[in-house]
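Engineer: The following file, input-v3.csv, comprises CSV, C-alpha atoms:
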```csv
chain,number,residue,atom,x,y,z
A,487,MET,CA,-21.3,-25.6,18.9
A,488,SER,CA,-19.1,-28.7,19.1
A,489,GLN,CA,-15.9,-28.8,21.1
A,490,LYS,CA,-13.8,-29.2,17.9
A,491,ILE,CA,-15.2,-26.0,16.3
A,492,ARG,CA,-14.8,-24.1,19.6
A,493,GLN,CA,-11.1,-25.1,19.7
A,494,THR,CA,-10.7,-24.0,16.1
A,495,LEU,CA,-12.2,-20.6,16.9
A,496,LEU,CA,-10.0,-20.1,19.9
A,497,LYS,CA,-6.9,-21.0,18.0
A,498,ALA,CA,-7.9,-18.5,15.2
A,499,ASP,CA,-8.4,-15.8,17.9
A,500,ALA,CA,-4.9,-16.4,19.3
A,501,ALA,CA,-3.4,-16.4,15.8
A,502,GLU,CA,-5.2,-13.1,15.0
A,503,ILE,CA,-3.9,-11.5,18.1
A,504,ASN,CA,-0.3,-12.5,17.4
A,505,ASP,CA,-0.5,-11.4,13.8
A,506,VAL,CA,-1.5,-7.9,14.4
A,507,LYS,CA,1.2,-7.2,17.0
A,508,GLU,CA,3.4,-4.3,15.8
A,509,SER,CA,6.9,-3.3,16.8
A,510,GLU,CA,7.4,-0.6,19.4
A,511,GLU,CA,8.6,1.8,16.7
A,512,ASP,CA,5.6,1.1,14.5
A,513,ILE,CA,3.2,1.8,17.5
A,514,VAL,CA,5.0,5.1,18.2
A,515,LEU,CA,4.8,6.1,14.5
A,516,ASN,CA,1.1,5.2,14.2
A,517,ILE,CA,0.3,7.2,17.3
A,518,SER,CA,2.3,10.3,16.4
A,519,LEU,CA,2.4,10.5,12.6
A,520,ARG,CA,-0.5,8.5,11.1
A,521,PRO,CA,-3.5,10.7,10.2
A,522,GLN,CA,-6.7,9.8,12.1
A,523,LYS,CA,-9.3,11.5,9.9
A,524,PHE,CA,-9.7,12.7,6.3
A,525,SER,CA,-9.0,16.3,7.3
A,526,GLU,CA,-5.5,15.3,8.4
A,527,PHE,CA,-4.8,13.1,5.3
A,528,VAL,CA,-2.7,14.7,2.6
A,529,GLY,CA,-2.8,13.7,-1.1
A,530,HIS,CA,-5.1,11.5,-3.2
A,531,SER,CA,-7.8,14.2,-3.1
A,532,ASP,CA,-10.0,12.5,-5.7
A,533,ILE,CA,-10.0,9.2,-3.8
A,534,VAL,CA,-10.7,10.9,-0.5
A,535,ASP,CA,-13.6,12.9,-2.0
A,536,ASN,CA,-15.1,9.7,-3.4
A,537,LEU,CA,-14.7,7.8,-0.2
A,538,LYS,CA,-16.4,10.6,1.7
A,539,VAL,CA,-19.4,10.3,-0.5
A,540,SER,CA,-19.5,6.5,-0.2
A,541,ILE,CA,-19.2,6.7,3.6
A,542,GLN,CA,-21.9,9.4,3.9
A,543,ALA,CA,-24.3,7.4,1.7
A,544,ALA,CA,-23.7,4.2,3.7
A,545,GLN,CA,-24.3,6.1,7.0
A,546,GLN,CA,-27.6,7.6,5.6
A,547,ARG,CA,-28.8,4.1,4.7
A,548,ASN,CA,-27.6,2.7,8.0
A,549,GLU,CA,-25.6,0.1,6.1
A,550,PRO,CA,-21.9,-1.1,6.3
A,551,LEU,CA,-19.7,0.4,3.6
A,552,GLU,CA,-19.1,-1.8,0.6
A,553,HIS,CA,-16.0,-3.8,0.4
A,554,VAL,CA,-13.0,-1.7,-0.5
A,555,LEU,CA,-9.8,-2.7,-2.3
A,556,PHE,CA,-6.7,-0.4,-2.3
A,557,SER,CA,-3.7,-1.2,-4.6
A,558,GLY,CA,-0.4,0.4,-5.2
A,559,PRO,CA,3.2,0.4,-4.2
A,560,PRO,CA,4.1,0.2,-0.4
A,561,GLY,CA,3.9,3.2,1.8
A,562,LEU,CA,1.3,5.3,-0.1
A,563,GLY,CA,-1.4,5.3,2.5
A,564,LYS,CA,-3.4,2.1,2.0
A,565,THR,CA,-3.3,1.2,5.7
A,566,SER,CA,-3.8,4.8,6.8
A,567,LEU,CA,-6.9,5.2,4.6
A,568,SER,CA,-8.3,1.9,6.0
A,569,HIS,CA,-8.0,3.2,9.6
A,570,ILE,CA,-9.5,6.6,8.6
A,571,ILE,CA,-12.5,4.8,7.1
A,572,ALA,CA,-13.0,2.9,10.3
A,573,HIS,CA,-12.8,6.2,12.3
A,574,GLU,CA,-15.2,8.0,10.0
A,575,MET,CA,-17.6,5.1,10.1
A,576,GLY,CA,-17.3,4.9,13.9
A,577,ALA,CA,-16.5,1.2,13.4
A,578,LYS,CA,-14.0,-1.2,15.1
A,579,ILE,CA,-11.2,-2.3,12.8
A,580,THR,CA,-9.5,-5.7,12.9
A,581,ALA,CA,-6.2,-5.8,11.1
A,582,THR,CA,-4.4,-8.9,9.8
A,583,SER,CA,-2.4,-9.9,6.7
A,584,GLY,CA,-2.9,-12.4,3.9
A,585,PRO,CA,0.1,-14.7,4.8
A,586,ALA,CA,-1.1,-14.8,8.4
A,587,ILE,CA,-4.3,-16.5,7.6
A,588,GLU,CA,-3.0,-19.9,6.9
A,589,ARG,CA,-6.1,-22.0,7.3
A,590,ALA,CA,-9.8,-21.6,6.8
A,591,GLY,CA,-10.3,-22.0,10.6
A,592,ASP,CA,-8.2,-18.9,11.2
A,593,LEU,CA,-10.6,-16.9,9.0
A,594,ILE,CA,-13.6,-18.3,10.7
A,595,GLY,CA,-12.4,-17.2,14.1
A,596,ILE,CA,-11.8,-13.7,12.8
A,597,LEU,CA,-15.1,-13.4,10.9
A,598,THR,CA,-17.3,-14.7,13.7
A,599,ASN,CA,-16.0,-12.1,16.1
A,600,LEU,CA,-16.9,-9.2,13.9
A,601,GLU,CA,-20.0,-7.1,14.9
A,602,ARG,CA,-22.3,-5.4,12.5
A,603,GLY,CA,-20.5,-2.6,10.6
A,604,ASP,CA,-17.0,-3.7,11.8
A,605,ILE,CA,-14.1,-3.5,9.4
A,606,LEU,CA,-11.7,-6.3,8.6
A,607,PHE,CA,-8.5,-5.1,7.1
A,608,ILE,CA,-6.3,-7.6,5.2
A,609,ASP,CA,-2.9,-6.3,4.1
A,610,GLU,CA,-1.2,-8.1,1.2
A,611,ILE,CA,-4.4,-9.8,0.4
A,612,HIS,CA,-3.0,-11.3,-2.8
A,613,ARG,CA,-0.8,-13.5,-0.6
A,614,MET,CA,-3.7,-15.5,0.9
A,615,SER,CA,-3.9,-19.2,0.1
A,616,LYS,CA,-6.4,-20.3,-2.5
A,617,VAL,CA,-8.3,-22.3,0.1
A,618,VAL,CA,-8.8,-19.4,2.4
A,619,GLU,CA,-9.5,-17.1,-0.6
A,620,GLU,CA,-12.4,-19.2,-1.8
A,621,PHE,CA,-13.7,-19.5,1.7
A,622,LEU,CA,-13.9,-15.7,1.7
A,623,TYR,CA,-16.2,-15.5,-1.3
A,624,PRO,CA,-19.6,-16.3,0.4
A,625,ALA,CA,-18.6,-14.3,3.4
A,626,MET,CA,-18.1,-11.2,1.2
A,627,GLU,CA,-21.2,-11.8,-0.9
A,628,SER,CA,-23.9,-13.2,1.4
A,629,PHE,CA,-22.2,-12.9,4.9
A,630,GLN,CA,-22.3,-16.6,5.3
A,631,ILE,CA,-19.6,-19.3,5.7
A,632,ASP,CA,-19.8,-23.1,5.5
A,633,PHE,CA,-17.5,-25.1,7.7
A,634,ILE,CA,-17.0,-28.8,7.1
A,635,ILE,CA,-16.2,-31.0,10.0
A,636,ASP,CA,-15.1,-34.7,9.9
A,637,LYS,CA,-14.4,-36.5,6.7
A,638,GLY,CA,-15.9,-39.1,4.4
A,639,PRO,CA,-19.4,-40.4,5.2
A,640,TYR,CA,-19.3,-38.5,8.5
A,641,ALA,CA,-18.6,-35.1,7.0
A,642,LYS,CA,-21.1,-32.4,8.0
A,643,THR,CA,-21.5,-28.9,6.9
A,644,ILE,CA,-22.2,-26.2,9.5
A,645,LYS,CA,-23.4,-22.8,8.2
A,646,PHE,CA,-22.4,-19.7,10.1
A,647,ASN,CA,-24.4,-16.5,9.5
A,648,LEU,CA,-22.1,-13.5,9.8
A,649,LYS,CA,-23.0,-10.0,10.8
A,650,PRO,CA,-22.7,-7.6,7.9
A,651,PHE,CA,-19.1,-6.2,7.8
A,652,THR,CA,-16.8,-4.4,5.5
A,653,LEU,CA,-13.7,-6.0,4.1
A,654,ILE,CA,-10.8,-3.6,3.2
A,655,GLY,CA,-8.1,-5.3,1.2
A,656,ALA,CA,-4.7,-3.8,0.4
A,657,THR,CA,-2.3,-5.2,-2.2
A,658,THR,CA,0.9,-4.1,-3.8
A,659,ARG,CA,0.3,-6.5,-6.7
A,660,SER,CA,-3.3,-6.4,-7.8
A,661,GLY,CA,-2.5,-8.5,-10.9
A,662,LEU,CA,-2.0,-11.5,-8.6
A,663,LEU,CA,-5.6,-11.3,-7.3
A,664,ALA,CA,-8.0,-13.8,-8.6
A,665,ALA,CA,-10.8,-12.3,-10.8
A,666,PRO,CA,-13.6,-13.7,-8.5
A,667,LEU,CA,-12.1,-12.0,-5.5
A,668,ARG,CA,-11.4,-8.7,-7.3
A,669,GLY,CA,-14.9,-8.7,-8.6
A,670,ARG,CA,-16.5,-8.9,-5.1
A,671,PHE,CA,-15.1,-5.5,-4.1
A,672,GLY,CA,-17.6,-2.8,-4.7
A,673,ILE,CA,-15.0,0.0,-4.3
A,674,PHE,CA,-11.6,-0.1,-6.0
A,675,TYR,CA,-8.8,2.5,-5.9
A,676,ASN,CA,-5.2,2.5,-7.2
A,677,LEU,CA,-2.9,4.7,-5.2
A,678,ASP,CA,-0.1,6.5,-7.1
A,679,PHE,CA,3.1,8.1,-6.0
A,680,TYR,CA,2.8,11.5,-4.3
A,681,ARG,CA,3.8,14.9,-5.7
A,682,PRO,CA,6.8,16.6,-4.0
A,683,GLU,CA,4.6,19.5,-2.8
A,684,ASP,CA,2.2,17.1,-1.0
A,685,LEU,CA,5.2,15.2,0.5
A,686,ALA,CA,6.6,18.5,1.8
A,687,THR,CA,3.2,19.2,3.5
A,688,ILE,CA,3.3,15.8,5.2
A,689,ILE,CA,6.9,16.4,6.3
A,690,ARG,CA,6.1,19.8,7.8
A,691,ASN,CA,3.1,18.3,9.6
A,692,SER,CA,5.1,15.4,10.9
A,693,ALA,CA,8.0,17.7,12.0
A,694,LYS,CA,5.5,19.6,14.2
A,695,LEU,CA,4.4,16.3,15.8
A,696,LEU,CA,8.1,15.3,16.3
A,697,ALA,CA,9.0,18.7,17.8
A,698,LEU,CA,11.6,19.2,15.0
A,699,GLU,CA,12.1,22.7,13.6
A,700,LEU,CA,13.0,22.8,10.0
A,701,THR,CA,12.5,25.3,7.2
A,702,ASN,CA,10.1,25.0,4.3
A,703,ASP,CA,13.1,24.6,2.0
A,704,ALA,CA,14.4,21.7,4.1
A,705,ALA,CA,11.0,20.0,3.9
A,706,ALA,CA,11.1,20.4,0.1
A,707,ALA,CA,14.6,19.0,0.0
A,708,ILE,CA,13.5,15.9,2.0
A,709,ALA,CA,10.4,15.5,-0.2
A,710,LEU,CA,12.5,15.4,-3.4
A,711,ARG,CA,14.4,12.5,-2.0
A,712,SER,CA,11.4,10.6,-0.6
A,713,ARG,CA,10.7,8.6,-3.8
A,714,GLY,CA,7.1,9.9,-3.9
A,715,THR,CA,6.3,7.9,-0.8
A,716,PRO,CA,5.0,9.3,2.6
A,717,ARG,CA,6.3,6.3,4.5
A,718,ILE,CA,9.9,7.0,3.2
A,719,ALA,CA,9.4,10.7,3.8
A,720,ASN,CA,8.6,10.1,7.5
A,721,ARG,CA,11.4,7.7,7.8
A,722,LEU,CA,13.9,10.1,6.4
A,723,LEU,CA,12.5,12.9,8.6
A,724,ARG,CA,13.1,10.7,11.7
A,725,ARG,CA,16.7,10.2,10.7
A,726,VAL,CA,17.1,13.9,10.1
A,727,ARG,CA,15.8,14.4,13.6
A,728,ASP,CA,18.3,12.0,15.0
A,729,TYR,CA,21.2,13.8,13.3
A,730,ALA,CA,19.9,17.2,14.4
A,731,GLN,CA,19.6,16.0,18.0
A,732,VAL,CA,23.1,14.6,18.1
A,733,ARG,CA,24.6,17.6,16.3
A,734,LYS,CA,22.6,20.0,18.4
A,735,ILE,CA,21.0,21.7,15.4
A,736,LYS,CA,18.0,23.8,16.5
A,737,ASN,CA,16.6,24.6,13.1
A,738,VAL,CA,17.3,22.4,10.1
A,739,ASP,CA,17.7,24.2,6.8
A,740,ALA,CA,17.9,22.8,3.3
A,741,ALA,CA,21.7,22.6,3.2
A,742,GLU,CA,21.8,20.7,6.5
A,743,ALA,CA,19.0,18.4,5.4
A,744,ALA,CA,20.9,17.7,2.1
A,745,ARG,CA,24.1,16.9,4.0
A,746,ILE,CA,22.3,14.5,6.4
A,747,LEU,CA,20.6,12.7,3.5
A,748,ASP,CA,23.9,12.4,1.6
A,749,ASP,CA,25.4,10.8,4.7
A,750,LEU,CA,22.5,8.3,4.7
A,751,GLY,CA,23.3,7.4,1.1
A,752,ILE,CA,20.1,9.0,-0.4
A,753,ASP,CA,21.1,11.0,-3.4
A,754,LYS,CA,19.4,14.0,-5.0
A,755,ALA,CA,17.0,11.8,-7.0
A,756,GLY,CA,16.0,9.8,-3.9
A,757,LEU,CA,17.9,6.7,-5.0
A,758,ASP,CA,19.4,4.6,-2.3
A,759,GLU,CA,22.2,2.1,-2.5
A,760,LEU,CA,20.1,-0.8,-3.8
A,761,ASP,CA,18.6,1.4,-6.5
A,762,ARG,CA,22.0,2.5,-7.7
A,763,LYS,CA,23.3,-1.0,-7.6
A,764,VAL,CA,20.5,-2.2,-9.8
A,765,LEU,CA,21.0,0.6,-12.4
A,766,LYS,CA,24.8,0.4,-12.4
A,767,LEU,CA,24.6,-3.4,-12.8
A,768,ILE,CA,22.4,-3.0,-15.9
A,769,ILE,CA,24.8,-0.4,-17.3
A,770,ASP,CA,28.1,-2.1,-16.5
A,771,SER,CA,27.3,-5.7,-16.9
A,772,PHE,CA,24.5,-5.7,-19.5
A,773,ASN,CA,25.3,-2.6,-21.6
A,774,GLY,CA,22.1,-0.9,-20.4
A,775,GLY,CA,19.9,-3.9,-21.0
A,776,PRO,CA,17.6,-5.5,-21.7
A,777,VAL,CA,18.1,-8.0,-18.9
A,778,GLY,CA,15.7,-10.4,-17.2
A,779,ILE,CA,14.7,-9.8,-13.5
A,780,GLU,CA,16.0,-13.3,-12.6
A,781,SER,CA,19.4,-12.4,-13.9
A,782,LEU,CA,19.3,-9.1,-11.9
A,783,ALA,CA,18.3,-10.9,-8.8
A,784,ALA,CA,20.9,-13.5,-9.1
A,785,SER,CA,23.7,-11.0,-9.7
A,786,LEU,CA,22.6,-8.9,-6.8
A,787,ASN,CA,21.9,-11.8,-4.5
A,788,GLU,CA,18.4,-10.5,-3.9
A,789,GLU,CA,15.0,-11.9,-4.2
A,790,THR,CA,13.0,-11.2,-7.4
A,791,ASP,CA,10.1,-9.9,-5.3
A,792,THR,CA,12.3,-7.4,-3.6
A,793,ILE,CA,13.3,-5.9,-6.9
A,794,ALA,CA,9.8,-6.1,-8.4
A,795,ASP,CA,7.9,-4.7,-5.4
A,796,THR,CA,10.5,-2.4,-3.7
A,797,VAL,CA,12.9,-1.1,-6.4
A,798,GLU,CA,11.2,-1.2,-9.7
A,799,PRO,CA,8.0,0.8,-9.1
A,800,TYR,CA,9.7,4.1,-8.4
A,801,LEU,CA,12.4,3.6,-11.0
A,802,LEU,CA,9.8,3.0,-13.6
A,803,LYS,CA,7.6,5.9,-12.5
A,804,ALA,CA,10.6,8.3,-12.4
A,805,GLY,CA,11.8,7.2,-15.8
A,806,TYR,CA,15.1,5.6,-14.9
A,807,LEU,CA,14.0,2.1,-16.0
A,808,LYS,CA,11.9,0.6,-18.8
A,809,ARG,CA,10.2,-2.8,-18.6
A,810,THR,CA,10.0,-4.6,-21.9
A,811,SER,CA,9.0,-8.0,-23.1
A,812,ARG,CA,12.8,-8.8,-23.4
A,813,GLY,CA,13.7,-7.5,-19.9
A,814,ARG,CA,14.6,-4.4,-18.0
A,815,LEU,CA,16.2,-1.5,-19.9
A,816,VAL,CA,17.8,1.7,-18.4
A,817,THR,CA,17.0,5.0,-20.0
A,818,SER,CA,19.1,8.0,-21.1
A,819,LYS,CA,18.0,9.7,-17.8
A,820,THR,CA,19.9,6.9,-15.9
A,821,PHE,CA,23.1,7.6,-17.8
A,822,GLU,CA,22.8,11.3,-17.1
A,823,HIS,CA,22.2,10.7,-13.4
A,824,PHE,CA,25.6,8.8,-13.2
A,825,GLY,CA,27.4,11.3,-15.4
A,826,LEU,CA,27.8,8.8,-18.3
A,827,LYS,CA,27.5,9.2,-22.0
A,828,TYR,CA,24.3,7.6,-23.4
A,829,ASN,CA,25.0,5.5,-26.5
A,830,LYS,CA,21.6,4.4,-27.9
A,831,GLU,CA,23.2,2.1,-30.5
A,832,GLN,CA,24.7,-0.1,-27.7
A,833,GLN,CA,21.4,-0.7,-26.1
A,834,GLY,CA,19.2,-3.5,-27.3
A,835,GLU,CA,16.1,-2.2,-29.0
A,836,ILE,CA,12.7,-2.8,-27.4
A,837,PHE,CA,11.4,-4.6,-30.4
```
Before we go any further, please render this structure as structure tokens.
Structural biologist:
Amino acid sequence: MSQKIRQTLLKADAAEINDVKESEEDIVLNISLRPQKFSEFVGHSDIVDNLKVSIQAAQQRNEPLEHVLFSGPPGLGKTSLSHIIAHEMGAKITATSGPAIERAGDLIGILTNLERGDILFIDEIHRMSKVVEEFLYPAMESFQIDFIIDKGPYAKTIKFNLKPFTLIGATTRSGLLAAPLRGRFGIFYNLDFYRPEDLATIIRNSAKLLALELTNDAAAAIALRSRGTPRIANRLLRRVRDYAQVRKIKNVDAAEAARILDDLGIDKAGLDELDRKVLKLIIDSFNGGPVGIESLAASLNEETDTIADTVEPYLLKAGYLKRTSRGRLVTSKTFEHFGLKYNKEQQGEIF
């Protein structure tokens, strides 16, 4: 191997190590609350059952699992499922993200270090550059990559044979994935928001790990305000634990949990300050809509991606917002939530 290629691989290794570093709080959360196996994972029972079959079949054939793609809003378990798959397969997992892989050389360094059956997890895979994405095609399909060195008449192609591995991609916007990349995944699942009863189970399990005593009603109250998302449920639970510790509350009941969440600005529907600002802006400034997302973002001084990826998915799912060809439109449920009278004639029709 030439010195130039070796330097490229070393740089890619260093980039990979830097990219997967987590904050101290994330490490603590992963150790204490993230499920390690399917038996500890709550929700998405159909997906879990299908994954168990695929994993068992791959193990019986002594083959790596087919490439897997998880899509859905943030915080629904895409990363957790990826780590569980690695655990169930007895494989090493290497985690990185789409924006972190800036050059093809970065990808080469990661892929050439994978052993047979290892798992490469790429979060936000839709944000990879097109050059890196196309470089990934032959690696996924035939476990080979071609690396070009030098330029012009001195250009040479060096072929790397990779050991069979499993790529697990996670995306919050599957529509932005190129069709050739999406088509190379053998297993594809879309994760939806959780039911309140499943979230309550997660909260009770997490509370035990956090040594926090709370009633079943308190867990249900927190679940109703968690926007159908386990990540938010665990985050709210940690804040409830902080309040309970400072206020010296030994056993948190539903009323106390509700007071704490009210203090945090999370209302009974699970809407936070940004959610309410978006909905109130559409009502007050645009007569309930329709309004374009660019106008919303400009009025709120927020990025359009923040509204599209963080705010809208739950508001659409919960029925507070409609997305039409003319823009965003609030529903009668939104007016009821704010105690306002719904006037259908004032709103722009969808057509």
Engineer: I'd like the interatomic distance between CA of Ser712 in chain A and CA of Ser557 in chain A, to a tenth of an Å.
Structural biologist: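 Computing the Euclidean distance for CA of Ser712 in chain A and CA of Ser557 in chain A yields 19.6 Å.
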Engineer: When you count only C-alpha atoms, which of these residues is closest to Phe607 in chain A: A:Gly584, A:Gly591, A:Pro560, A:Gly576?
Structural biologist: A:Gly584
Engineer: Enter the distance from CA of Gln545 in chain A to CA of Ile673 in chain A, in Å, rounded to one decimal.
Structural biologist: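 For CA of Gln545 in chain A relative to CA of Ile673 in chain A, the distance reads 15.9 Å.
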Engineer: Pick the closest to Thr796 in chain A from A:Ile608, A:Leu757, A:Ala709, A:Leu767: which is it, counting only C-alpha atoms?
Structural biologist: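 Looking at the shortest contact to Thr796 in chain A, the residue is A:Leu757.
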Engineer: Tell me, as an MDAnalysis selection string, which residues lie within 12 Å of Leu782 in chain A, counting only C-alpha atoms; anything in the same chain fewer than 2 positions away does not count.
Structural biologist: chainID A and resid 760:761 763:769 771:772 775:780 784:794 797:798 813:815
Engineer: To one decimal place in Å, what is the distance between CA of Pro682 in chain A and CA of Tyr806 in chain A?
Structural biologist: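 Atom-to-atom, CA of Pro682 in chain A to CA of Tyr806 in chain A, that is 17.6 Å.
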Engineer: Nearest to Gly595 in chain A: which of A:Phe651, A:Tyr675, A:Phe821, A:Phe646 is it, counting only C-alpha atoms?
Structural biologist: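 Under the stated criterion, the closest residue is A:Phe646.
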Engineer: Quick one: residues within 9 Å of Ala656 in chain A, all atoms listed in the file counted, chain neighbours fewer than 4 positions away excluded, as JSON, numbers by chain?
Structural biologist: {"A": [554, 555, 556, 557, 558, 564, 565, 568, 607, 608, 609, 610, 611, 612, 660]}
Engineer: A:Pro799, A:Gly603, A:Gly563, A:Pro666: which is nearest Arg717 in chain A, counting all atoms listed in the file?
Structural biologist: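 Looking at the shortest contact to Arg717 in chain A, the residue is A:Gly563.
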Engineer: Hey, which of A:Ser566, A:Leu622, A:Leu519, A:Phe824 ends up closest to Ile688 in chain A? Count only C-alpha atoms.
Structural biologist: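 Among A:Ser566, A:Leu622, A:Leu519, A:Phe824, it is A:Leu519 that comes nearest to Ile688 in chain A.
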Engineer: Taking into account only C-alpha atoms, which residue in the set A:Leu685, A:Arg809, A:Leu567, A:Ile635 is nearest to Lys523 in chain A?
Structural biologist: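 Result for the nearest residue to Lys523 in chain A: A:Leu567.
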Engineer: Got a sec: who's within 12 Å of Ser525 in chain A, counting all atoms listed in the file, leaving out chain neighbours fewer than 2 positions off, as a ChimeraX atom specification?
Structural biologist: /A:521-523,527-529,531,534-535,538,567,570,573-574
Engineer: Please return, as a PyMOL selection string, all polymer residues that have at least one atom within 12 Å of the point (10.6, 15.6, -7.2); use all atoms listed in the file and the file's own coordinate frame.
Structural biologist: chain A and resi 679-686+705-715+754-757+800+803-804
